[in-house]
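So this one's input_14.pdb, PDB, C-alpha atoms:
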ATOM      1  CA  MET J 767       0.000   0.000   0.000  1.00  0.00           C
ATOM      2  CA  ARG J 768       1.377   3.366  -1.009  1.00  0.00           C
ATOM      3  CA  PRO J 769       2.064   5.855   1.790  1.00  0.00           C
ATOM      4  CA  VAL J 770      -0.305   8.825   1.957  1.00  0.00           C
ATOM      5  CA  ALA J 771       0.571  12.513   1.908  1.00  0.00           C
ATOM      6  CA  VAL J 772      -1.915  15.249   2.811  1.00  0.00           C
ATOM      7  CA  VAL J 773      -1.134  18.600   1.195  1.00  0.00           C
ATOM      8  CA  THR J 774      -3.131  21.589   2.452  1.00  0.00           C
ATOM      9  CA  GLY J 775      -3.433  24.322  -0.136  1.00  0.00           C
ATOM     10  CA  GLY J 776      -2.764  21.538  -2.600  1.00  0.00           C
ATOM     11  CA  ALA J 777      -4.497  23.183  -5.556  1.00  0.00           C
ATOM     12  CA  GLY J 778      -2.328  26.323  -5.465  1.00  0.00           C
ATOM     13  CA  GLY J 779       0.764  27.038  -7.533  1.00  0.00           C
ATOM     14  CA  ILE J 780       3.311  25.567  -5.143  1.00  0.00           C
ATOM     15  CA  GLY J 781       0.896  23.030  -3.668  1.00  0.00           C
ATOM     16  CA  SER J 782       0.026  21.502  -7.027  1.00  0.00           C
ATOM     17  CA  ALA J 783       3.714  21.100  -7.916  1.00  0.00           C
ATOM     18  CA  ILE J 784       4.275  19.345  -4.581  1.00  0.00           C
ATOM     19  CA  CYS J 785       1.300  17.034  -5.179  1.00  0.00           C
ATOM     20  CA  ARG J 786       2.644  16.075  -8.612  1.00  0.00           C
ATOM     21  CA  LYS J 787       6.130  15.405  -7.300  1.00  0.00           C
ATOM     22  CA  LEU J 788       4.935  13.229  -4.428  1.00  0.00           C
ATOM     23  CA  ALA J 789       2.612  11.299  -6.736  1.00  0.00           C
ATOM     24  CA  GLU J 790       5.431  10.759  -9.249  1.00  0.00           C
ATOM     25  CA  ALA J 791       7.708   9.563  -6.509  1.00  0.00           C
ATOM     26  CA  TRP J 792       5.818   7.042  -4.427  1.00  0.00           C
ATOM     27  CA  MET J 793       2.829   8.420  -2.560  1.00  0.00           C
ATOM     28  CA  SER J 794      -0.944   8.615  -2.757  1.00  0.00           C
ATOM     29  CA  VAL J 795      -1.862  12.269  -2.385  1.00  0.00           C
ATOM     30  CA  VAL J 796      -4.757  13.955  -0.624  1.00  0.00           C
ATOM     31  CA  VAL J 797      -5.148  17.338  -2.302  1.00  0.00           C
ATOM     32  CA  GLY J 798      -6.492  19.557   0.460  1.00  0.00           C
ATOM     33  CA  TYR J 799      -8.505  22.609  -0.571  1.00  0.00           C
ATOM     34  CA  ASN J 800     -10.639  25.325   0.965  1.00  0.00           C
ATOM     35  CA  ARG J 801     -12.543  27.030  -1.878  1.00  0.00           C
ATOM     36  CA  SER J 802     -10.758  25.473  -4.881  1.00  0.00           C
ATOM     37  CA  ALA J 803     -12.708  22.229  -5.156  1.00  0.00           C
ATOM     38  CA  GLU J 804     -12.827  22.174  -8.960  1.00  0.00           C
ATOM     39  CA  ALA J 805      -9.097  22.866  -9.316  1.00  0.00           C
ATOM     40  CA  ALA J 806      -8.333  20.174  -6.733  1.00  0.00           C
ATOM     41  CA  GLU J 807     -10.465  17.616  -8.569  1.00  0.00           C
ATOM     42  CA  ARG J 808      -8.782  18.435 -11.889  1.00  0.00           C
ATOM     43  CA  LEU J 809      -5.382  18.046 -10.282  1.00  0.00           C
ATOM     44  CA  VAL J 810      -6.304  14.655  -8.803  1.00  0.00           C
ATOM     45  CA  LYS J 811      -7.330  13.384 -12.249  1.00  0.00           C
ATOM     46  CA  SER J 812      -3.964  14.429 -13.692  1.00  0.00           C
ATOM     47  CA  LEU J 813      -1.766  12.791 -11.045  1.00  0.00           C
ATOM     48  CA  PRO J 814       0.114   9.581 -11.872  1.00  0.00           C
ATOM     49  CA  GLY J 815      -0.303   6.546  -9.676  1.00  0.00           C
ATOM     50  CA  ALA J 816      -3.332   5.536  -7.634  1.00  0.00           C
ATOM     51  CA  GLY J 817      -5.239   6.353  -4.465  1.00  0.00           C
ATOM     52  CA  HIS J 818      -5.352  10.145  -4.900  1.00  0.00           C
ATOM     53  CA  SER J 819      -8.300  12.241  -3.700  1.00  0.00           C
ATOM     54  CA  ALA J 820      -9.426  15.826  -3.191  1.00  0.00           C
ATOM     55  CA  ARG J 821     -10.622  16.629   0.323  1.00  0.00           C
ATOM     56  CA  HIS J 822     -11.967  19.758   1.984  1.00  0.00           C
ATOM     57  CA  ALA J 823      -9.190  20.986   4.291  1.00  0.00           C
ATOM     58  CA  PRO J 824     -10.108  24.437   5.646  1.00  0.00           C
ATOM     59  CA  VAL J 825      -7.114  25.232   7.835  1.00  0.00           C
ATOM     60  CA  THR J 826      -8.877  28.056   9.688  1.00  0.00           C
ATOM     61  CA  ASP J 827     -11.666  25.656  10.738  1.00  0.00           C
ATOM     62  CA  SER J 828     -10.466  23.162  13.330  1.00  0.00           C
ATOM     63  CA  ALA J 829     -13.726  21.204  13.168  1.00  0.00           C
ATOM     64  CA  GLY J 830     -13.279  20.878   9.415  1.00  0.00           C
ATOM     65  CA  LEU J 831      -9.761  19.524   9.903  1.00  0.00           C
ATOM     66  CA  THR J 832     -11.040  17.037  12.464  1.00  0.00           C
ATOM     67  CA  ALA J 833     -13.564  15.861   9.890  1.00  0.00           C
ATOM     68  CA  LEU J 834     -10.794  15.540   7.298  1.00  0.00           C
ATOM     69  CA  ALA J 835      -8.739  13.359   9.640  1.00  0.00           C
ATOM     70  CA  ALA J 836     -11.766  11.209  10.509  1.00  0.00           C
ATOM     71  CA  GLY J 837     -12.246  10.440   6.829  1.00  0.00           C
ATOM     72  CA  LEU J 838      -8.708   9.131   6.363  1.00  0.00           C
ATOM     73  CA  THR J 839      -7.299   5.749   7.308  1.00  0.00           C
ATOM     74  CA  ARG J 840      -3.675   6.730   6.868  1.00  0.00           C
ATOM     75  CA  CYS J 841      -1.425   9.801   6.798  1.00  0.00           C
ATOM     76  CA  ASP J 842       2.346   9.417   6.552  1.00  0.00           C
ATOM     77  CA  ALA J 843       3.202  12.986   5.588  1.00  0.00           C
ATOM     78  CA  LEU J 844       1.516  16.346   6.045  1.00  0.00           C
ATOM     79  CA  VAL J 845       2.598  19.283   3.920  1.00  0.00           C
ATOM     80  CA  ASN J 846       1.267  22.567   5.281  1.00  0.00           C
ATOM     81  CA  CYS J 847       1.165  24.581   2.084  1.00  0.00           C
ATOM     82  CA  ALA J 848      -1.990  26.610   2.700  1.00  0.00           C
ATOM     83  CA  GLY J 849      -1.163  30.274   3.128  1.00  0.00           C
ATOM     84  CA  THR J 850      -2.374  33.746   2.367  1.00  0.00           C
ATOM     85  CA  THR J 851      -1.040  37.264   1.990  1.00  0.00           C
ATOM     86  CA  ARG J 852      -1.628  40.577   0.255  1.00  0.00           C
ATOM     87  CA  PHE J 853       0.934  43.084  -0.872  1.00  0.00           C
ATOM     88  CA  VAL J 854       1.058  46.062   1.501  1.00  0.00           C
ATOM     89  CA  LYS J 855       3.966  48.495   1.606  1.00  0.00           C
ATOM     90  CA  HIS J 856       5.839  47.930   4.867  1.00  0.00           C
ATOM     91  CA  SER J 857       5.670  51.597   5.828  1.00  0.00           C
ATOM     92  CA  ASP J 858       1.892  51.762   5.287  1.00  0.00           C
ATOM     93  CA  LEU J 859       0.744  50.636   8.718  1.00  0.00           C
ATOM     94  CA  ASP J 860      -2.838  51.786   8.204  1.00  0.00           C
ATOM     95  CA  ALA J 861      -3.297  49.599   5.116  1.00  0.00           C
ATOM     96  CA  LEU J 862      -2.307  46.559   7.173  1.00  0.00           C
ATOM     97  CA  ASP J 863      -5.667  46.508   8.933  1.00  0.00           C
ATOM     98  CA  ASP J 864      -6.774  44.207  11.740  1.00  0.00           C
ATOM     99  CA  ALA J 865      -8.851  41.978   9.467  1.00  0.00           C
ATOM    100  CA  LEU J 866      -5.897  41.254   7.188  1.00  0.00           C
ATOM    101  CA  ILE J 867      -3.598  40.666  10.164  1.00  0.00           C
ATOM    102  CA  GLU J 868      -6.024  38.153  11.646  1.00  0.00           C
ATOM    103  CA  THR J 869      -6.495  36.371   8.320  1.00  0.00           C
ATOM    104  CA  ILE J 870      -2.749  36.005   7.755  1.00  0.00           C
ATOM    105  CA  LEU J 871      -2.033  34.711  11.260  1.00  0.00           C
ATOM    106  CA  ALA J 872      -5.066  32.407  11.320  1.00  0.00           C
ATOM    107  CA  THR J 873      -4.084  30.818   8.013  1.00  0.00           C
ATOM    108  CA  ASN J 874      -0.293  30.821   8.038  1.00  0.00           C
ATOM    109  CA  VAL J 875       0.336  30.030  11.712  1.00  0.00           C
ATOM    110  CA  ARG J 876      -2.733  28.729  13.506  1.00  0.00           C
ATOM    111  CA  GLY J 877      -3.813  26.798  10.418  1.00  0.00           C
ATOM    112  CA  ALA J 878      -0.579  24.838  10.247  1.00  0.00           C
ATOM    113  CA  PHE J 879      -0.782  24.030  13.950  1.00  0.00           C
ATOM    114  CA  ALA J 880      -4.419  22.963  13.671  1.00  0.00           C
ATOM    115  CA  ALA J 881      -3.654  20.632  10.754  1.00  0.00           C
ATOM    116  CA  ILE J 882      -0.834  18.995  12.696  1.00  0.00           C
ATOM    117  CA  ARG J 883      -3.039  18.642  15.776  1.00  0.00           C
ATOM    118  CA  ALA J 884      -5.825  16.995  13.765  1.00  0.00           C
ATOM    119  CA  LEU J 885      -3.586  14.572  11.879  1.00  0.00           C
ATOM    120  CA  ARG J 886      -1.174  13.726  14.689  1.00  0.00           C
ATOM    121  CA  PRO J 887      -2.798  10.378  15.598  1.00  0.00           C
ATOM    122  CA  LEU J 888      -2.453   9.151  12.007  1.00  0.00           C
ATOM    123  CA  LEU J 889       1.068  10.523  11.601  1.00  0.00           C
ATOM    124  CA  GLU J 890       2.169   8.694  14.757  1.00  0.00           C
ATOM    125  CA  LYS J 891       1.106   5.397  13.173  1.00  0.00           C
ATOM    126  CA  SER J 892       3.144   5.937  10.003  1.00  0.00           C
ATOM    127  CA  THR J 893       5.379   3.080   8.927  1.00  0.00           C
ATOM    128  CA  LEU J 894       7.758   5.334   7.009  1.00  0.00           C
ATOM    129  CA  PRO J 895      11.410   4.952   8.016  1.00  0.00           C
ATOM    130  CA  GLY J 896      11.858   7.555  10.726  1.00  0.00           C
ATOM    131  CA  GLY J 897       8.115   7.891  11.302  1.00  0.00           C
ATOM    132  CA  GLY J 898       5.615  10.434  10.062  1.00  0.00           C
ATOM    133  CA  VAL J 899       6.728  13.729   8.553  1.00  0.00           C
ATOM    134  CA  VAL J 900       5.351  17.264   8.681  1.00  0.00           C
ATOM    135  CA  VAL J 901       6.717  19.810   6.219  1.00  0.00           C
ATOM    136  CA  ASN J 902       5.753  23.418   6.865  1.00  0.00           C
ATOM    137  CA  LEU J 903       6.048  25.704   3.837  1.00  0.00           C
ATOM    138  CA  SER J 904       7.742  28.761   5.245  1.00  0.00           C
ATOM    139  CA  SER J 905       9.561  31.578   3.477  1.00  0.00           C
ATOM    140  CA  ALA J 906      12.862  33.409   3.522  1.00  0.00           C
ATOM    141  CA  ALA J 907      10.704  36.379   4.525  1.00  0.00           C
ATOM    142  CA  GLY J 908      10.566  34.939   8.032  1.00  0.00           C
ATOM    143  CA  ASN J 909      14.312  35.423   8.347  1.00  0.00           C
ATOM    144  CA  ILE J 910      15.148  38.491   6.276  1.00  0.00           C
ATOM    145  CA  ALA J 911      11.880  40.388   6.999  1.00  0.00           C
ATOM    146  CA  VAL J 912      11.430  41.286   3.333  1.00  0.00           C
ATOM    147  CA  GLY J 913       8.153  40.153   1.840  1.00  0.00           C
ATOM    148  CA  SER J 914       4.632  41.018   0.799  1.00  0.00           C
ATOM    149  CA  ASN J 915       3.846  42.793   4.069  1.00  0.00           C
ATOM    150  CA  VAL J 916       5.066  43.098   7.646  1.00  0.00           C
ATOM    151  CA  MET J 917       2.618  40.569   9.064  1.00  0.00           C
ATOM    152  CA  TYR J 918       3.357  37.993   6.369  1.00  0.00           C
ATOM    153  CA  CYS J 919       7.027  38.155   7.357  1.00  0.00           C
ATOM    154  CA  ALA J 920       6.071  37.826  11.023  1.00  0.00           C
ATOM    155  CA  SER J 921       3.804  34.858  10.288  1.00  0.00           C
ATOM    156  CA  LYS J 922       6.619  32.943   8.608  1.00  0.00           C
ATOM    157  CA  ALA J 923       8.992  33.725  11.469  1.00  0.00           C
ATOM    158  CA  ALA J 924       6.358  32.368  13.844  1.00  0.00           C
ATOM    159  CA  LEU J 925       5.940  29.269  11.667  1.00  0.00           C
ATOM    160  CA  ASP J 926       9.681  28.596  11.782  1.00  0.00           C
ATOM    161  CA  ASN J 927       9.722  28.936  15.559  1.00  0.00           C
ATOM    162  CA  MET J 928       6.681  26.674  15.889  1.00  0.00           C
ATOM    163  CA  THR J 929       8.360  24.108  13.641  1.00  0.00           C
ATOM    164  CA  LYS J 930      11.286  23.876  16.052  1.00  0.00           C
ATOM    165  CA  SER J 931       9.026  23.608  19.086  1.00  0.00           C
ATOM    166  CA  LEU J 932       6.882  20.886  17.537  1.00  0.00           C
ATOM    167  CA  GLY J 933       9.955  19.087  16.234  1.00  0.00           C
ATOM    168  CA  ARG J 934      10.988  18.575  19.851  1.00  0.00           C
ATOM    169  CA  ALA J 935       7.486  17.933  21.162  1.00  0.00           C
ATOM    170  CA  LEU J 936       6.514  15.272  18.617  1.00  0.00           C
ATOM    171  CA  ALA J 937       9.838  13.431  18.317  1.00  0.00           C
ATOM    172  CA  PRO J 938      10.664  10.647  17.774  1.00  0.00           C
ATOM    173  CA  ARG J 939       7.450   9.427  16.119  1.00  0.00           C
ATOM    174  CA  ILE J 940       6.974  12.538  13.951  1.00  0.00           C
ATOM    175  CA  ARG J 941       9.604  14.696  12.281  1.00  0.00           C
ATOM    176  CA  VAL J 942       8.667  18.368  11.806  1.00  0.00           C
ATOM    177  CA  VAL J 943      10.696  20.447   9.376  1.00  0.00           C
ATOM    178  CA  SER J 944      10.255  23.577   7.290  1.00  0.00           C
ATOM    179  CA  VAL J 945      11.166  24.455   3.721  1.00  0.00           C
ATOM    180  CA  ALA J 946      11.702  28.189   3.277  1.00  0.00           C
ATOM    181  CA  PRO J 947      12.172  29.356  -0.314  1.00  0.00           C
ATOM    182  CA  ALA J 948      12.588  32.957  -1.321  1.00  0.00           C
ATOM    183  CA  LEU J 949      10.135  34.429  -3.835  1.00  0.00           C
ATOM    184  CA  VAL J 950       8.655  31.676  -6.020  1.00  0.00           C
ATOM    185  CA  ASP J 951       7.584  32.323  -9.598  1.00  0.00           C
ATOM    186  CA  THR J 952       3.942  31.271  -9.280  1.00  0.00           C
ATOM    187  CA  GLU J 953       1.125  32.559 -11.494  1.00  0.00           C
ATOM    188  CA  PHE J 954       0.222  34.972  -8.693  1.00  0.00           C
ATOM    189  CA  VAL J 955       3.719  36.450  -8.657  1.00  0.00           C
ATOM    190  CA  LYS J 956       3.834  36.602 -12.456  1.00  0.00           C
ATOM    191  CA  SER J 957       0.639  38.657 -12.418  1.00  0.00           C
ATOM    192  CA  LEU J 958       2.258  41.432 -10.400  1.00  0.00           C
ATOM    193  CA  ASP J 959       4.085  44.474 -11.722  1.00  0.00           C
ATOM    194  CA  GLN J 960       6.659  43.287 -14.265  1.00  0.00           C
ATOM    195  CA  ALA J 961       9.290  45.836 -13.231  1.00  0.00           C
ATOM    196  CA  TRP J 962       9.023  44.704  -9.596  1.00  0.00           C
ATOM    197  CA  HIS J 963       9.168  41.053 -10.694  1.00  0.00           C
ATOM    198  CA  ASP J 964      12.325  41.656 -12.722  1.00  0.00           C
ATOM    199  CA  GLU J 965      13.932  43.612  -9.885  1.00  0.00           C
ATOM    200  CA  GLN J 966      13.359  40.765  -7.442  1.00  0.00           C
ATOM    201  CA  ALA J 967      14.775  38.239  -9.901  1.00  0.00           C
ATOM    202  CA  ALA J 968      17.871  40.355 -10.509  1.00  0.00           C
ATOM    203  CA  ARG J 969      18.629  40.396  -6.778  1.00  0.00           C
ATOM    204  CA  THR J 970      18.978  36.613  -6.589  1.00  0.00           C
ATOM    205  CA  PRO J 971      22.307  34.826  -7.106  1.00  0.00           C
ATOM    206  CA  LEU J 972      20.847  32.869 -10.040  1.00  0.00           C
ATOM    207  CA  GLY J 973      19.307  35.953 -11.606  1.00  0.00           C
ATOM    208  CA  ARG J 974      15.835  34.374 -11.525  1.00  0.00           C
ATOM    209  CA  LEU J 975      13.125  33.366  -9.102  1.00  0.00           C
ATOM    210  CA  ALA J 976      12.671  29.857  -7.763  1.00  0.00           C
ATOM    211  CA  THR J 977      10.115  27.667  -9.502  1.00  0.00           C
ATOM    212  CA  PRO J 978       7.317  25.712  -7.813  1.00  0.00           C
ATOM    213  CA  GLU J 979       8.902  22.527  -9.158  1.00  0.00           C
ATOM    214  CA  GLU J 980      12.162  23.283  -7.356  1.00  0.00           C
ATOM    215  CA  VAL J 981      10.284  23.747  -4.089  1.00  0.00           C
ATOM    216  CA  ALA J 982       8.493  20.447  -4.727  1.00  0.00           C
ATOM    217  CA  VAL J 983      11.825  18.644  -5.162  1.00  0.00           C
ATOM    218  CA  ALA J 984      12.983  19.982  -1.790  1.00  0.00           C
ATOM    219  CA  VAL J 985       9.776  18.872  -0.065  1.00  0.00           C
ATOM    220  CA  SER J 986       9.930  15.418  -1.617  1.00  0.00           C
ATOM    221  CA  ALA J 987      13.576  15.020  -0.544  1.00  0.00           C
ATOM    222  CA  VAL J 988      12.676  15.904   3.055  1.00  0.00           C
ATOM    223  CA  ILE J 989       9.862  13.352   3.165  1.00  0.00           C
ATOM    224  CA  SER J 990      11.915  10.557   1.611  1.00  0.00           C
TER     225      SER J 990
END
Can the structure from this file be put into structure tokens for me?
Amino acid sequence: MRPVAVVTGGAGGIGSAICRKLAEAWMSVVVGYNRSAEAAERLVKSLPGAGHSARHAPVTDSAGLTALAAGLTRCDALVNCAGTTRFVKHSDLDALDDALIETILATNVRGAFAAIRALRPLLEKSTLPGGGVVVNLSSAAGNIAVGSNVMYCASKAALDNMTKSLGRALAPRIRVVSVAPALVDTEFVKSLDQAWHDEQAARTPLGRLATPEEVAVAVSAVIS
């Protein structure tokens, strides 16, 4: 029986690349979605291998995550890829309103914790070498404090700290790690101002942005 990976935010740009990579490698994939049911179903149909499914995985709804876990018989890896942000100039404190702050923290930090909490019993039963695995999709923004807005950067810093805490708390049955790319060239990023896009690419050592596929390779390597 193929091991099972649950990917929250699985229908997004980075999430879909991760789902494809894990399916190509050796896993049955649960494509977790919130509002992107149709995209998740299309992705499932395109994945190689067997045992894939699209499941409602609303990371800001703990009861919904409990229901997700109750509907699964196995979970060997959890990839917390669900996230949200909006571009707000760092100096524009008024534009970073309370509602946006709460949405970012609820999704990027509390959501990852809630998914781990819900799926912990299944992860602890994993027969993977080294036990179950949680991969939190973080960002270089959590370290360098340069990103789409101040609270997004703070949320990724919090996610990194939480990863370390849970890595200790859940060992040795569950490994908890984070993958923290810099700006990734998703369709969302490509839709932004071209001059800004090119400026960000020029600042990187490779002279280009990371691709979703490169992030997926890193996630797959961590799980294997």
At a cut-off of 12 Å, can you tabulate as a tab-separated table every residue of stretch 800-897 of chain J near stretch 917-929 of chain J together with its closest atom pair and the distance in Å to one decimal, using all atoms listed in the file and ordering rows by chain then number?
residue	atom	partner	partner_atom	distance
J:Asn846	CA	J:Leu925	CA	10.4
J:Cys847	CA	J:Leu925	CA	11.7
J:Gly849	CA	J:Tyr918	CA	9.5
J:Thr850	CA	J:Tyr918	CA	8.2
J:Thr851	CA	J:Tyr918	CA	6.2
J:Arg852	CA	J:Tyr918	CA	8.3
J:Phe853	CA	J:Tyr918	CA	9.2
J:Val854	CA	J:Met917	CA	9.5
J:Lys855	CA	J:Met917	CA	11.0
J:His856	CA	J:Met917	CA	9.1
J:Ser857	CA	J:Met917	CA	11.9
J:Asp858	CA	J:Met917	CA	11.8
J:Leu859	CA	J:Met917	CA	10.2
J:Ala861	CA	J:Met917	CA	11.5
J:Leu862	CA	J:Met917	CA	8.0
J:Asp863	CA	J:Met917	CA	10.2
J:Asp864	CA	J:Met917	CA	10.4
J:Ala865	CA	J:Met917	CA	11.6
J:Leu866	CA	J:Met917	CA	8.7
J:Ile867	CA	J:Met917	CA	6.3
J:Glu868	CA	J:Met917	CA	9.3
J:Thr869	CA	J:Met917	CA	10.1
J:Ile870	CA	J:Tyr918	CA	6.6
J:Leu871	CA	J:Ser921	CA	5.9
J:Ala872	CA	J:Ser921	CA	9.3
J:Thr873	CA	J:Ser921	CA	9.1
J:Asn874	CA	J:Ser921	CA	6.2
J:Val875	CA	J:Leu925	CA	5.7
J:Arg876	CA	J:Leu925	CA	8.9
J:Gly877	CA	J:Leu925	CA	10.1
J:Ala878	CA	J:Leu925	CA	8.0
J:Phe879	CA	J:Met928	CA	8.2
J:Ala880	CA	J:Met928	CA	11.9
J:Ile882	CA	J:Thr929	CA	10.6
Save out the residues we just selected, C-alpha atoms, as a tab-separated table (two decimals), keeping the file's coordinate frame.
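After the write, part03.tsv holds the following:
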chain	number	residue	atom	x	y	z
J	846	ASN	CA	1.27	22.57	5.28
J	847	CYS	CA	1.16	24.58	2.08
J	849	GLY	CA	-1.16	30.27	3.13
J	850	THR	CA	-2.37	33.75	2.37
J	851	THR	CA	-1.04	37.26	1.99
J	852	ARG	CA	-1.63	40.58	0.26
J	853	PHE	CA	0.93	43.08	-0.87
J	854	VAL	CA	1.06	46.06	1.50
J	855	LYS	CA	3.97	48.50	1.61
J	856	HIS	CA	5.84	47.93	4.87
J	857	SER	CA	5.67	51.60	5.83
J	858	ASP	CA	1.89	51.76	5.29
J	859	LEU	CA	0.74	50.64	8.72
J	861	ALA	CA	-3.30	49.60	5.12
J	862	LEU	CA	-2.31	46.56	7.17
J	863	ASP	CA	-5.67	46.51	8.93
J	864	ASP	CA	-6.77	44.21	11.74
J	865	ALA	CA	-8.85	41.98	9.47
J	866	LEU	CA	-5.90	41.25	7.19
J	867	ILE	CA	-3.60	40.67	10.16
J	868	GLU	CA	-6.02	38.15	11.65
J	869	THR	CA	-6.50	36.37	8.32
J	870	ILE	CA	-2.75	36.01	7.76
J	871	LEU	CA	-2.03	34.71	11.26
J	872	ALA	CA	-5.07	32.41	11.32
J	873	THR	CA	-4.08	30.82	8.01
J	874	ASN	CA	-0.29	30.82	8.04
J	875	VAL	CA	0.34	30.03	11.71
J	876	ARG	CA	-2.73	28.73	13.51
J	877	GLY	CA	-3.81	26.80	10.42
J	878	ALA	CA	-0.58	24.84	10.25
J	879	PHE	CA	-0.78	24.03	13.95
J	880	ALA	CA	-4.42	22.96	13.67
J	882	ILE	CA	-0.83	19.00	12.70
Inset, instruction - Might you pull out every residue within 12 Å of J:Lys930, with all atoms listed in the file counted and same-chain residues fewer than 5 positions away left off, and present them as a VMD selection string? - result: chain J and resid 900 to 902 923 to 925 935 to 937 941 to 944
Legend entry - Distance of atom CA of J:Gly898 from atom CA of J:Arg786, expressed in Å to one decimal place: 19.7 Å
Inset, instruction - Tell me, in Å to one decimal, how far atom CA of J:Val912 is from atom CA of J:Lys787. - result: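 Between atom CA of J:Val912 and atom CA of J:Lys787 the gap works out to 28.5 Å.
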Legend entry - Pick from J:Arg886, J:Arg801, J:Arg808, J:His963 nearest to J:Ala848, counting all atoms listed in the file: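 Going through J:Arg886, J:Arg801, J:Arg808, J:His963 one by one, the smallest distance to J:Ala848 is for J:Arg801.
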Inset, instruction - Tell me which residues the PyMOL selection byres ((chain J and resi 906) around 10) grabs here, as number ranges by chain. - result: J: 904-905, 907-913, 919, 922-923, 945-949
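The two atoms in question, atom CA of J:Gly798 and atom CA of J:Val916, are spaced 27.2 Å apart.
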Inset, instruction - Just give me the residues with any atom within 9 Å of (-4.5, 22.7, -5.1), file coordinates, counting only C-alpha atoms, written as a VMD selection string. - result: chain J and resid 773 to 783 785 797 to 799 802 to 803 805 to 807 809 820
Legend entry - Matched chain/residue IDs from the PyMOL selection byres ((chain J and resi 838) around 10), as number ranges by chain: J: 770, 772, 796, 821, 833-837, 839-841, 885, 888
Legend entry - Within 9 Å of J:Leu788 using all atoms listed in the file, minus same-chain residues under 2 positions, as a count of residues only: 15
Inset, instruction - Starting from the shown file, work through the PyMOL selection byres ((chain J and resi 895) around 12) and note down what comes out as number ranges by chain. - result: J: 769, 842-843, 891-894, 896-899, 938-941, 989-990
Include C-alpha atoms and write out the residues we just selected as an mmCIF file, keeping the file's coordinate frame.
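Listed below is the output, selection33.cif:
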data_model
loop_
_atom_site.group_PDB
_atom_site.id
_atom_site.type_symbol
_atom_site.label_atom_id
_atom_site.label_comp_id
_atom_site.auth_asym_id
_atom_site.auth_seq_id
_atom_site.Cartn_x
_atom_site.Cartn_y
_atom_site.Cartn_z
ATOM 1 C CA PRO J 769 2.064 5.855 1.790
ATOM 2 C CA ASP J 842 2.346 9.417 6.552
ATOM 3 C CA ALA J 843 3.202 12.986 5.588
ATOM 4 C CA LYS J 891 1.106 5.397 13.173
ATOM 5 C CA SER J 892 3.144 5.937 10.003
ATOM 6 C CA THR J 893 5.379 3.080 8.927
ATOM 7 C CA LEU J 894 7.758 5.334 7.009
ATOM 8 C CA GLY J 896 11.858 7.555 10.726
ATOM 9 C CA GLY J 897 8.115 7.891 11.302
ATOM 10 C CA GLY J 898 5.615 10.434 10.062
ATOM 11 C CA VAL J 899 6.728 13.729 8.553
ATOM 12 C CA PRO J 938 10.664 10.647 17.774
ATOM 13 C CA ARG J 939 7.450 9.427 16.119
ATOM 14 C CA ILE J 940 6.974 12.538 13.951
ATOM 15 C CA ARG J 941 9.604 14.696 12.281
ATOM 16 C CA ILE J 989 9.862 13.352 3.165
ATOM 17 C CA SER J 990 11.915 10.557 1.611
#
Inset, instruction - Can you work out which one of J:Gln960, J:Arg974, J:Ala789, J:Val988 has the shortest atom-to-atom distance to J:Leu903, counting only C-alpha atoms? - result: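 Answer, going by the shortest atom-to-atom distance: J:Val988.
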Legend entry - From J:Ala823, J:Ala884, J:Ala987, J:Val950, residue lying nearest J:Thr970 [all atoms listed in the file]: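 Answer, going by the shortest atom-to-atom distance: J:Val950.
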